[in-house]
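Content type mmCIF, C-alpha atoms, from the file data_6.cif:
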```cif
data_protein
#
loop_
_atom_site.label_atom_id
_atom_site.label_comp_id
_atom_site.auth_asym_id
_atom_site.auth_seq_id
_atom_site.Cartn_x
_atom_site.Cartn_y
_atom_site.Cartn_z
CA MET N 1 78.78 89.78 123.99
CA VAL N 2 80.96 87.47 126.06
CA ALA N 3 80.31 85.47 129.22
CA VAL N 4 83.39 84.52 131.21
CA SER N 5 84.06 82.30 134.19
CA ALA N 6 84.33 84.30 137.40
CA SER N 7 86.96 81.90 138.71
CA ASP N 8 89.52 82.06 135.90
CA GLY N 9 88.24 84.41 133.15
CA SER N 10 87.84 81.67 130.58
CA THR N 11 85.16 82.18 127.95
CA ARG N 12 81.85 80.43 128.63
CA TRP N 13 80.18 81.66 125.44
CA ALA N 14 80.45 84.49 122.92
CA SER N 15 77.60 85.78 120.76
CA PRO N 16 78.20 88.25 117.90
CA PHE N 17 75.90 91.24 117.51
CA PRO N 18 76.75 92.80 114.15
CA GLY N 19 75.29 96.17 113.41
CA ALA N 20 76.38 99.68 112.55
CA VAL N 21 74.92 103.16 112.88
CA THR N 22 74.71 105.22 109.69
CA VAL N 23 73.82 108.87 109.22
CA ASP N 24 73.56 111.31 106.33
CA PRO N 25 76.86 111.31 104.37
CA GLY N 26 77.17 115.05 104.97
CA CYS N 27 77.68 114.19 108.64
CA SER N 28 79.64 110.94 108.35
CA SER N 29 80.21 108.87 105.23
CA ARG N 30 81.23 105.67 107.00
CA PRO N 31 79.09 103.24 109.01
CA MET N 32 79.92 103.55 112.70
CA GLN N 33 80.79 100.20 114.27
CA LEU N 34 80.04 101.20 117.83
CA GLY N 35 79.50 97.89 119.60
CA PHE N 36 77.83 97.87 123.01
CA TRP N 37 77.73 101.06 125.03
CA ALA N 38 74.88 99.91 127.27
CA SER N 39 75.51 97.43 130.06
CA PRO N 40 73.44 94.23 130.04
CA ALA N 41 70.94 93.45 132.79
CA ILE N 42 69.74 90.20 134.32
CA ALA N 43 66.19 89.98 135.67
CA GLY N 44 63.93 87.02 136.23
CA GLY N 45 66.56 84.62 134.90
CA THR N 46 66.84 86.42 131.54
CA LEU N 47 69.74 88.48 130.20
CA TYR N 48 68.74 91.72 128.43
CA ALA N 49 70.96 93.78 126.13
CA ALA N 50 70.60 96.84 123.87
CA ALA N 51 72.69 96.59 120.69
CA ALA N 52 73.93 98.97 118.00
CA ASP N 53 71.39 97.62 115.50
CA GLY N 54 68.67 99.39 117.51
CA LYS N 55 67.23 96.21 118.99
CA VAL N 56 66.70 95.09 122.56
CA TYR N 57 67.53 91.40 122.99
CA ALA N 58 66.41 88.87 125.58
CA LEU N 59 69.04 86.14 125.92
CA ASP N 60 69.49 82.85 127.71
CA PRO N 61 72.31 83.68 130.17
CA SER N 62 73.57 80.09 130.14
CA ASN N 63 74.51 80.06 126.45
CA GLY N 64 73.81 83.50 124.92
CA ALA N 65 71.01 82.22 122.67
CA THR N 66 68.48 84.87 121.61
CA LEU N 67 65.03 84.26 123.10
CA TRP N 68 63.42 87.26 121.41
CA SER N 69 64.29 90.72 120.14
CA VAL N 70 62.43 93.90 119.27
CA GLN N 71 63.38 97.07 117.39
CA VAL N 72 63.31 100.23 119.53
CA ALA N 73 65.68 102.56 117.61
CA GLU N 74 66.37 103.34 113.95
CA PRO N 75 70.17 103.37 113.38
CA THR N 76 69.92 104.63 109.77
CA PRO N 77 69.74 108.07 108.12
CA ALA N 78 65.94 107.78 108.29
CA GLY N 79 66.25 107.89 112.08
CA ARG N 80 69.23 110.28 111.99
CA GLY N 81 71.37 107.44 113.36
CA GLN N 82 69.54 106.62 116.59
CA PHE N 83 71.74 104.79 119.09
CA ILE N 84 71.04 103.14 122.44
CA GLU N 85 73.62 104.11 125.06
CA SER N 86 71.06 103.62 127.83
CA SER N 87 71.40 100.34 129.73
CA PRO N 88 68.14 98.36 129.95
CA ALA N 89 66.15 99.02 133.13
CA VAL N 90 63.95 96.00 133.83
CA SER N 91 61.03 95.62 136.23
CA THR N 92 59.50 92.16 136.38
CA ALA N 93 56.89 93.57 138.80
CA LEU N 94 55.68 96.04 136.17
CA GLY N 95 56.47 93.70 133.29
CA LYS N 96 58.46 96.40 131.51
CA LEU N 97 61.91 97.08 130.08
CA ASP N 98 62.82 100.74 129.55
CA VAL N 99 65.65 102.35 127.57
CA GLY N 100 66.44 105.84 126.36
CA VAL N 101 67.24 106.70 122.75
CA ALA N 102 70.00 109.14 121.79
CA SER N 103 72.33 110.01 118.92
CA ALA N 104 75.59 108.44 117.82
CA ILE N 105 77.28 111.65 116.66
CA HIS N 106 76.82 115.37 117.35
CA CYS N 107 76.30 116.38 113.72
CA SER N 108 73.17 114.21 113.57
CA GLU N 109 71.18 114.82 116.75
CA VAL N 110 68.04 112.70 117.09
CA ASP N 111 64.57 113.17 118.52
CA GLY N 112 64.99 112.04 122.10
CA ARG N 113 62.60 109.43 123.40
CA VAL N 114 62.03 106.67 125.91
CA ALA N 115 61.13 103.18 124.69
CA SER N 116 59.21 100.78 126.93
CA VAL N 117 58.97 97.09 125.99
CA ASP N 118 56.28 94.81 127.42
CA LEU N 119 58.13 91.73 128.66
CA ASN N 120 55.20 89.44 127.85
CA THR N 121 53.88 90.72 124.50
CA HIS N 122 57.10 92.46 123.36
CA GLU N 123 55.02 95.44 122.22
CA VAL N 124 56.85 98.78 122.30
CA GLN N 125 55.59 102.14 123.56
CA PHE N 126 57.41 105.42 123.00
CA ALA N 127 57.47 108.73 124.84
CA ASN N 128 58.67 111.61 122.68
CA LEU N 129 60.95 114.01 124.56
CA THR N 130 61.81 116.39 121.74
CA ASP N 131 60.58 119.90 120.94
CA PRO N 132 58.47 120.39 117.80
CA GLY N 133 60.73 121.06 114.83
CA ALA N 134 63.90 120.29 116.78
CA HIS N 135 66.09 117.36 117.75
CA THR N 136 66.27 117.67 121.53
CA GLY N 137 65.76 115.62 124.67
CA ALA N 138 68.12 112.74 123.84
CA ASP N 139 68.30 110.22 126.66
CA TRP N 140 71.73 108.60 126.73
CA THR N 141 71.58 107.77 130.44
CA SER N 142 69.74 104.82 131.94
CA ILE N 143 66.15 104.93 133.15
CA SER N 144 65.40 104.58 136.88
CA ILE N 145 62.23 102.83 138.03
CA ASP N 146 60.06 103.57 141.10
CA GLU N 147 57.96 100.41 141.16
CA GLY N 148 55.88 101.49 144.16
CA ALA N 149 54.78 104.69 142.41
CA SER N 150 54.58 103.04 138.97
CA ALA N 151 56.86 105.80 137.70
CA ILE N 152 60.07 105.98 135.71
CA PHE N 153 62.65 108.77 135.63
CA ALA N 154 64.84 109.94 132.76
CA SER N 155 67.68 112.47 132.73
CA THR N 156 68.04 114.08 129.31
CA GLY N 157 70.43 116.10 127.18
CA THR N 158 70.57 118.11 123.91
CA GLY N 159 68.72 121.12 125.21
CA LYS N 160 70.28 123.75 122.96
CA GLN N 161 69.13 122.64 119.51
CA PRO N 162 66.90 125.17 117.68
CA PRO N 163 64.32 126.38 118.51
CA ILE N 164 65.57 128.06 121.67
CA LEU N 165 64.96 126.02 124.81
CA THR N 166 61.54 126.84 126.27
CA ALA N 167 60.12 126.41 129.74
CA THR N 168 58.21 123.32 128.65
CA SER N 169 61.17 121.66 126.93
CA LEU N 170 62.19 118.22 128.13
CA GLY N 171 65.81 118.68 127.05
CA GLN N 172 68.56 118.95 129.73
CA ALA N 173 65.87 117.94 132.22
CA ILE N 174 64.89 115.38 134.82
CA VAL N 175 61.62 113.87 133.61
CA ARG N 176 59.07 111.72 135.43
CA LEU N 177 56.79 109.47 133.38
CA ASP N 178 53.97 107.09 134.18
CA ALA N 179 55.52 103.63 133.90
CA ARG N 180 52.48 102.13 132.18
CA THR N 181 51.34 104.91 129.83
CA LEU N 182 54.62 106.86 129.41
CA SER N 183 52.74 110.12 129.88
CA VAL N 184 54.96 112.86 131.34
CA THR N 185 53.80 113.60 134.89
CA GLY N 186 56.50 116.04 135.94
CA HIS N 187 59.82 117.56 134.96
CA TRP N 188 62.47 120.08 135.92
CA GLN N 189 64.62 121.70 133.29
CA ASN N 190 68.14 122.78 134.24
CA PRO N 191 68.32 126.53 133.45
CA CYS N 192 72.06 126.21 132.76
CA PRO N 193 72.94 128.72 129.98
CA LEU N 194 75.90 126.76 128.58
CA THR N 195 75.72 125.10 125.18
CA ASP N 196 76.18 121.60 126.62
CA CYS N 197 74.36 120.95 129.88
CA ASP N 198 73.36 117.34 129.29
CA PHE N 199 72.49 115.28 132.31
CA GLY N 200 75.20 112.65 132.00
CA GLY N 201 74.44 110.75 135.19
CA SER N 202 71.44 108.45 135.41
CA PRO N 203 68.78 109.37 138.00
CA THR N 204 69.42 107.95 141.47
CA LEU N 205 66.27 107.37 143.53
CA PHE N 206 66.33 107.32 147.33
CA THR N 207 64.30 108.28 150.39
CA ALA N 208 65.64 110.40 153.26
CA ALA N 209 63.91 112.22 156.12
CA GLY N 210 60.53 111.10 154.79
CA THR N 211 61.05 112.62 151.32
CA ASN N 212 61.40 110.73 148.05
CA PHE N 213 64.38 112.21 146.22
CA VAL N 214 65.98 111.93 142.79
CA ALA N 215 69.60 112.95 142.18
CA ALA N 216 71.50 113.39 138.92
CA THR N 217 74.77 114.93 137.75
CA SER N 218 75.16 117.33 134.82
CA LYS N 219 77.95 118.14 132.42
CA ASP N 220 77.82 121.64 133.93
CA GLY N 221 79.60 120.08 136.94
CA TRP N 222 76.72 120.22 139.42
CA LEU N 223 74.87 117.56 141.38
CA TYR N 224 71.13 118.29 141.57
CA VAL N 225 68.86 116.72 144.20
CA LEU N 226 65.08 117.14 143.86
CA ASP N 227 61.89 115.95 145.53
CA ARG N 228 60.82 113.42 142.93
CA ASP N 229 57.16 113.96 143.82
CA ALA N 230 57.50 117.71 143.15
CA LEU N 231 60.03 118.12 140.32
CA ALA N 232 58.68 121.48 139.18
CA ALA N 233 59.75 123.01 142.51
CA GLY N 234 63.38 122.60 141.45
CA PRO N 235 66.36 121.38 143.47
CA VAL N 236 66.05 120.90 147.21
CA TRP N 237 69.82 121.28 147.23
CA LYS N 238 72.71 121.23 144.78
CA TYR N 239 76.49 121.02 144.92
CA GLN N 240 79.28 121.91 142.51
CA LEU N 241 81.41 118.82 142.03
CA ALA N 242 83.48 120.01 139.07
CA ILE N 243 84.17 123.02 136.87
CA VAL N 244 83.83 123.48 133.12
CA ASP N 245 86.80 124.18 130.86
CA PRO N 246 87.93 127.75 131.70
CA SER N 247 89.24 128.17 128.16
CA HIS N 248 85.70 127.53 126.84
CA PRO N 249 83.54 128.92 129.64
CA ASN N 250 80.32 129.02 127.61
CA GLU N 251 80.41 125.48 126.25
CA GLY N 252 79.75 123.21 129.22
CA GLY N 253 81.58 120.13 130.32
CA SER N 254 83.56 117.54 128.39
CA ALA N 255 83.83 114.89 131.07
CA THR N 256 86.45 112.77 129.32
CA ASP N 257 88.66 115.88 129.31
CA GLY N 258 88.04 116.29 133.03
CA TRP N 259 85.36 119.01 132.86
CA GLY N 260 81.93 118.59 134.43
CA THR N 261 80.57 115.25 135.52
CA LEU N 262 78.57 112.31 134.22
CA SER N 263 79.11 109.90 137.12
CA THR N 264 75.81 108.46 138.40
CA PRO N 265 75.44 109.10 142.17
CA THR N 266 75.37 106.20 144.64
CA PHE N 267 73.04 105.93 147.64
CA ALA N 268 73.79 103.54 150.49
CA ASP N 269 73.04 103.50 154.22
CA ALA N 270 71.73 107.06 154.53
CA THR N 271 74.58 108.60 152.52
CA LEU N 272 74.68 109.94 148.96
CA TYR N 273 78.00 109.71 147.10
CA ALA N 274 78.86 111.66 143.94
CA GLY N 275 82.00 112.20 141.87
CA GLY N 276 83.30 114.23 138.96
CA GLY N 277 86.20 115.91 137.22
CA HIS N 278 88.42 118.93 137.95
CA THR N 279 87.41 120.36 141.31
CA PRO N 280 86.65 124.05 141.91
CA ALA N 281 89.31 126.36 143.34
CA PRO N 282 91.11 126.45 145.66
CA ASP N 283 91.49 122.65 145.51
CA ASP N 284 92.21 122.30 141.77
CA GLN N 285 92.37 118.50 141.89
CA PRO N 286 91.81 116.13 138.91
CA GLY N 287 88.66 114.70 140.47
CA SER N 288 86.84 113.95 143.69
CA VAL N 289 84.26 111.88 145.51
CA VAL N 290 81.97 113.62 147.99
CA ALA N 291 79.74 112.01 150.63
CA PHE N 292 76.60 113.92 151.60
CA ASP N 293 73.81 113.85 154.10
CA PRO N 294 71.13 113.04 151.51
CA ALA N 295 68.35 115.24 152.87
CA SER N 296 70.32 118.42 153.56
CA GLY N 297 73.34 118.23 151.26
CA ILE N 298 75.72 118.71 154.18
CA VAL N 299 79.14 117.29 153.25
CA LYS N 300 80.29 114.36 155.36
CA TRP N 301 83.67 113.94 153.68
CA ARG N 302 85.59 114.60 150.46
CA HIS N 303 88.25 112.49 148.79
CA PHE N 304 90.41 113.71 145.91
CA THR N 305 91.04 111.16 143.16
CA PRO N 306 94.10 110.84 140.90
CA GLY N 307 91.91 111.06 137.77
CA TYR N 308 88.47 112.14 136.58
CA VAL N 309 85.57 110.11 137.98
CA LEU N 310 83.64 109.10 134.84
CA THR N 311 81.61 106.13 136.01
CA ALA N 312 79.22 105.03 138.72
CA MET N 313 80.75 103.96 142.04
CA PRO N 314 79.49 100.66 143.50
CA ALA N 315 78.95 100.49 147.26
CA VAL N 316 79.58 97.00 148.64
CA GLY N 317 79.67 96.23 152.33
CA ASP N 318 81.70 98.93 154.07
CA VAL N 319 83.52 100.13 150.96
CA LEU N 320 83.00 102.36 147.94
CA ILE N 321 84.70 101.32 144.69
CA VAL N 322 85.90 104.31 142.65
CA ALA N 323 87.46 104.27 139.19
CA SER N 324 89.11 107.39 137.78
CA SER N 325 90.98 108.06 134.54
CA THR N 326 92.86 110.75 132.61
CA PRO N 327 92.12 109.93 128.95
CA SER N 328 92.83 113.50 127.84
CA SER N 329 96.33 113.61 129.31
CA GLY N 330 97.91 111.31 126.74
CA SER N 331 98.90 108.87 129.46
CA ASN N 332 95.72 106.76 129.23
CA ALA N 333 96.13 106.12 132.93
CA SER N 334 93.42 104.89 135.26
CA TRP N 335 93.13 103.96 138.91
CA LEU N 336 90.81 101.89 141.06
CA GLU N 337 90.46 103.00 144.67
CA ILE N 338 88.77 101.18 147.52
CA LEU N 339 87.45 103.72 150.02
CA GLU N 340 86.04 103.31 153.51
CA ARG N 341 82.44 104.46 153.02
CA ALA N 342 82.10 105.94 156.49
CA THR N 343 85.20 108.14 156.34
CA GLY N 344 86.47 108.31 152.75
CA ASP N 345 89.82 106.87 153.83
CA ARG N 346 91.60 105.00 151.05
CA LEU N 347 92.13 101.33 151.84
CA ALA N 348 93.78 100.32 148.55
CA ILE N 349 94.64 101.66 145.09
CA PHE N 350 95.41 99.83 141.83
CA ASP N 351 96.86 101.17 138.58
CA GLY N 352 95.39 100.51 135.14
CA ALA N 353 96.93 100.92 131.70
CA ALA N 354 93.84 102.26 129.89
CA PRO N 355 90.93 104.59 130.73
CA THR N 356 87.84 103.25 132.49
CA TYR N 357 84.56 104.24 130.81
CA GLY N 358 82.38 101.49 132.28
CA ALA N 359 81.65 101.22 135.98
CA PRO N 360 83.41 98.49 137.95
CA SER N 361 81.15 95.84 139.42
CA ALA N 362 81.47 93.62 142.47
CA GLY N 363 80.12 90.28 143.61
CA HIS N 364 81.04 86.77 144.70
CA GLY N 365 84.32 87.99 146.18
CA LEU N 366 85.49 89.77 143.02
CA ILE N 367 85.76 93.31 141.71
CA PHE N 368 85.47 93.38 137.92
CA TRP N 369 87.30 96.36 136.38
CA PRO N 370 86.79 97.03 132.62
CA PHE N 371 89.07 99.16 130.43
CA GLY N 372 88.52 101.19 127.29
CA ASP N 373 90.99 99.05 125.31
CA GLY N 374 88.73 96.00 125.54
CA GLU N 375 90.56 94.34 128.42
CA ALA N 376 89.21 93.68 131.90
CA ARG N 377 90.70 92.72 135.23
CA ALA N 378 89.20 90.77 138.13
CA LEU N 379 90.49 91.58 141.61
CA VAL N 380 89.93 89.29 144.58
CA ALA N 381 88.17 91.04 147.45
CA ALA N 382 86.68 88.26 149.47
CA HIS N 383 85.25 90.19 152.39
CA TYR N 384 84.66 93.78 151.18
CA ARG N 385 85.40 94.64 154.83
#
```
Let me see the structure of the file written as structure tokens.
Amino acid sequence: MVAVSASDGSTRWASPFPGAVTVDPGCSSRPMQLGFWASPAIAGGTLYAAAADGKVYALDPSNGATLWSVQVAEPTPAGRGQFIESSPAVSTALGKLDVGVASAIHCSEVDGRVASVDLNTHEVQFANLTDPGAHTGADWTSISIDEGASAIFASTGTGKQPPILTATSLGQAIVRLDARTLSVTGHWQNPCPLTDCDFGGSPTLFTAAGTNFVAATSKDGWLYVLDRDALAAGPVWKYQLAIVDPSHPNEGGSATDGWGTLSTPTFADATLYAGGGHTPAPDDQPGSVVAFDPASGIVKWRHFTPGYVLTAMPAVGDVLIVASSTPSSGSNASWLEILERATGDRLAIFDGAAPTYGAPSAGHGLIFWPFGDGEARALVAAHYR
């Protein structure tokens, strides 16, 4: 992990986090050096990170020194190669840090679960999301926290592992859990019949027209919006953002190839924004961003992007920051667009030389744009309009 100066990009400190994920040799004979897939989080003056060695770390943000760490995943064959792709969700009010646990490789699916770490005692609780005798319910998205309701929300995947998905399964589902006990208090399972209908977007919590909603995107290409206090009732509304690969119509979406979506929705100023890959006919565009009335699902505007929208889209001031890429095209191209949030009009566009798999971030007059080749770019945007 590296901390850099916002003013000139120089390195402030760098801390190594060695660790590899290993699975049964019949699946993969080499240790997988995966690095960080989860974004770090700062809360209460502490930097939190989830590393490939299966540990959650609390760090001093001034120098990268480890304050404490705790094991929440087993990255060995004994744990089928558990891996944390879920960025830490931290609530100092509840005194908890929550992450999801998923697999590192498809040939070694894991038992999905949520891990909750007490910030004071560092004790770990687990909620098992898998079906008996199966390896389902992996949570590779980030947890969302409703502090007022003392609830957390997870969006899960791996629903099609044997046995056959049942009505009580927590795979390919939006799941509500008690933030203190981790007991499941509600869920809705996506009835999608495709073989890969993972929820790839983290749950977005918002309130509109007096209703508490949760929204998430699926690799089937749809955005689902539910009453988070009544998940079992199913979606209040839904919208098809992207299509699945027509040459493999039963498989579900591969977002990095432009099929389906795993972009976490954004809520700001009474508008919900969502993006994805190849748009349905007759548009047939590489990707899009859509702005919705959050309570009804009525479309306010649509904007077609030059690539597939793979990441979350920060809303800052009057603008929406949208990264899109075409990693499957062989060009490794990416673009960063600055959109007017009220209208979807494009204010600026920048070209990148590598795909963008991590969401851009903004603050202190800068937009930080990371690339899949390990490089990053900082753009000056002093006023964000």
Worksheet item: What is the atom CA of N:Gln189 to atom CA of N:Ser142 distance in Å?
Response: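 Atom CA of N:Ser142 lies at a distance of 17.7 Å from atom CA of N:Gln189.
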Discussion item. What would the selection look like, as number ranges by chain, if the PyMOL selection byres ((chain N and resi 102) around 9) were run on the coordinates I just shared?
Written reply: N: 73, 81-86, 100-101, 103-104, 109-113, 137-141, 157
Evaluate the PyMOL selection byres ((chain N and resi 192) around 12) and report residues as a PDB file with C-alpha atoms, in the frame of the given file:
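Written out: selection32.pdb:
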```
ATOM      1  CA  GLY N 157      70.430 116.100 127.180  1.00  0.00           C
ATOM      2  CA  GLY N 159      68.720 121.120 125.210  1.00  0.00           C
ATOM      3  CA  LYS N 160      70.280 123.750 122.960  1.00  0.00           C
ATOM      4  CA  LEU N 165      64.960 126.020 124.810  1.00  0.00           C
ATOM      5  CA  GLY N 171      65.810 118.680 127.050  1.00  0.00           C
ATOM      6  CA  GLN N 172      68.560 118.950 129.730  1.00  0.00           C
ATOM      7  CA  ALA N 173      65.870 117.940 132.220  1.00  0.00           C
ATOM      8  CA  TRP N 188      62.470 120.080 135.920  1.00  0.00           C
ATOM      9  CA  GLN N 189      64.620 121.700 133.290  1.00  0.00           C
ATOM     10  CA  ASN N 190      68.140 122.780 134.240  1.00  0.00           C
ATOM     11  CA  PRO N 191      68.320 126.530 133.450  1.00  0.00           C
ATOM     12  CA  PRO N 193      72.940 128.720 129.980  1.00  0.00           C
ATOM     13  CA  LEU N 194      75.900 126.760 128.580  1.00  0.00           C
ATOM     14  CA  THR N 195      75.720 125.100 125.180  1.00  0.00           C
ATOM     15  CA  ASP N 196      76.180 121.600 126.620  1.00  0.00           C
ATOM     16  CA  CYS N 197      74.360 120.950 129.880  1.00  0.00           C
ATOM     17  CA  ASP N 198      73.360 117.340 129.290  1.00  0.00           C
ATOM     18  CA  PHE N 199      72.490 115.280 132.310  1.00  0.00           C
ATOM     19  CA  SER N 218      75.160 117.330 134.820  1.00  0.00           C
ATOM     20  CA  LYS N 219      77.950 118.140 132.420  1.00  0.00           C
ATOM     21  CA  ASP N 220      77.820 121.640 133.930  1.00  0.00           C
ATOM     22  CA  GLY N 221      79.600 120.080 136.940  1.00  0.00           C
ATOM     23  CA  TRP N 222      76.720 120.220 139.420  1.00  0.00           C
ATOM     24  CA  TYR N 224      71.130 118.290 141.570  1.00  0.00           C
ATOM     25  CA  ASN N 250      80.320 129.020 127.610  1.00  0.00           C
ATOM     26  CA  GLU N 251      80.410 125.480 126.250  1.00  0.00           C
ATOM     27  CA  GLY N 252      79.750 123.210 129.220  1.00  0.00           C
ATOM     28  CA  GLY N 253      81.580 120.130 130.320  1.00  0.00           C
TER      29      GLY N 253
END
```
Practice prompt. For the structure shown, which residues end up in the PyMOL selection byres ((chain N and resi 53) around 8)? Put them as a PyMOL selection string, please?
Written response: chain N and resi 18-21+51-52+54-55+73-75
Fill in: Computed interatomic separation between atom CA of N:Ala233 and atom CA of N:Val299 (Å)
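That distance, rounded to one decimal, is 22.9 Å.
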If we count all atoms listed in the file, what is near N:Ser325 at a cut-off of 6 Å, once residues fewer than 4 positions away on the same chain are taken out, given as an mmCIF file with C-alpha atoms, in the coordinates of the input?
```cif
data_model
loop_
_atom_site.group_PDB
_atom_site.id
_atom_site.type_symbol
_atom_site.label_atom_id
_atom_site.label_comp_id
_atom_site.auth_asym_id
_atom_site.auth_seq_id
_atom_site.Cartn_x
_atom_site.Cartn_y
_atom_site.Cartn_z
ATOM 1 C CA GLY N 307 91.910 111.060 137.770
ATOM 2 C CA TYR N 308 88.470 112.140 136.580
ATOM 3 C CA ALA N 333 96.130 106.120 132.930
ATOM 4 C CA SER N 334 93.420 104.890 135.260
ATOM 5 C CA PRO N 355 90.930 104.590 130.730
#
```
Worksheet entry | Neighbour residues at most 12 Å from (75.6, 115.0, 154.9) (all atoms listed in the file) as a count of residues only | 25
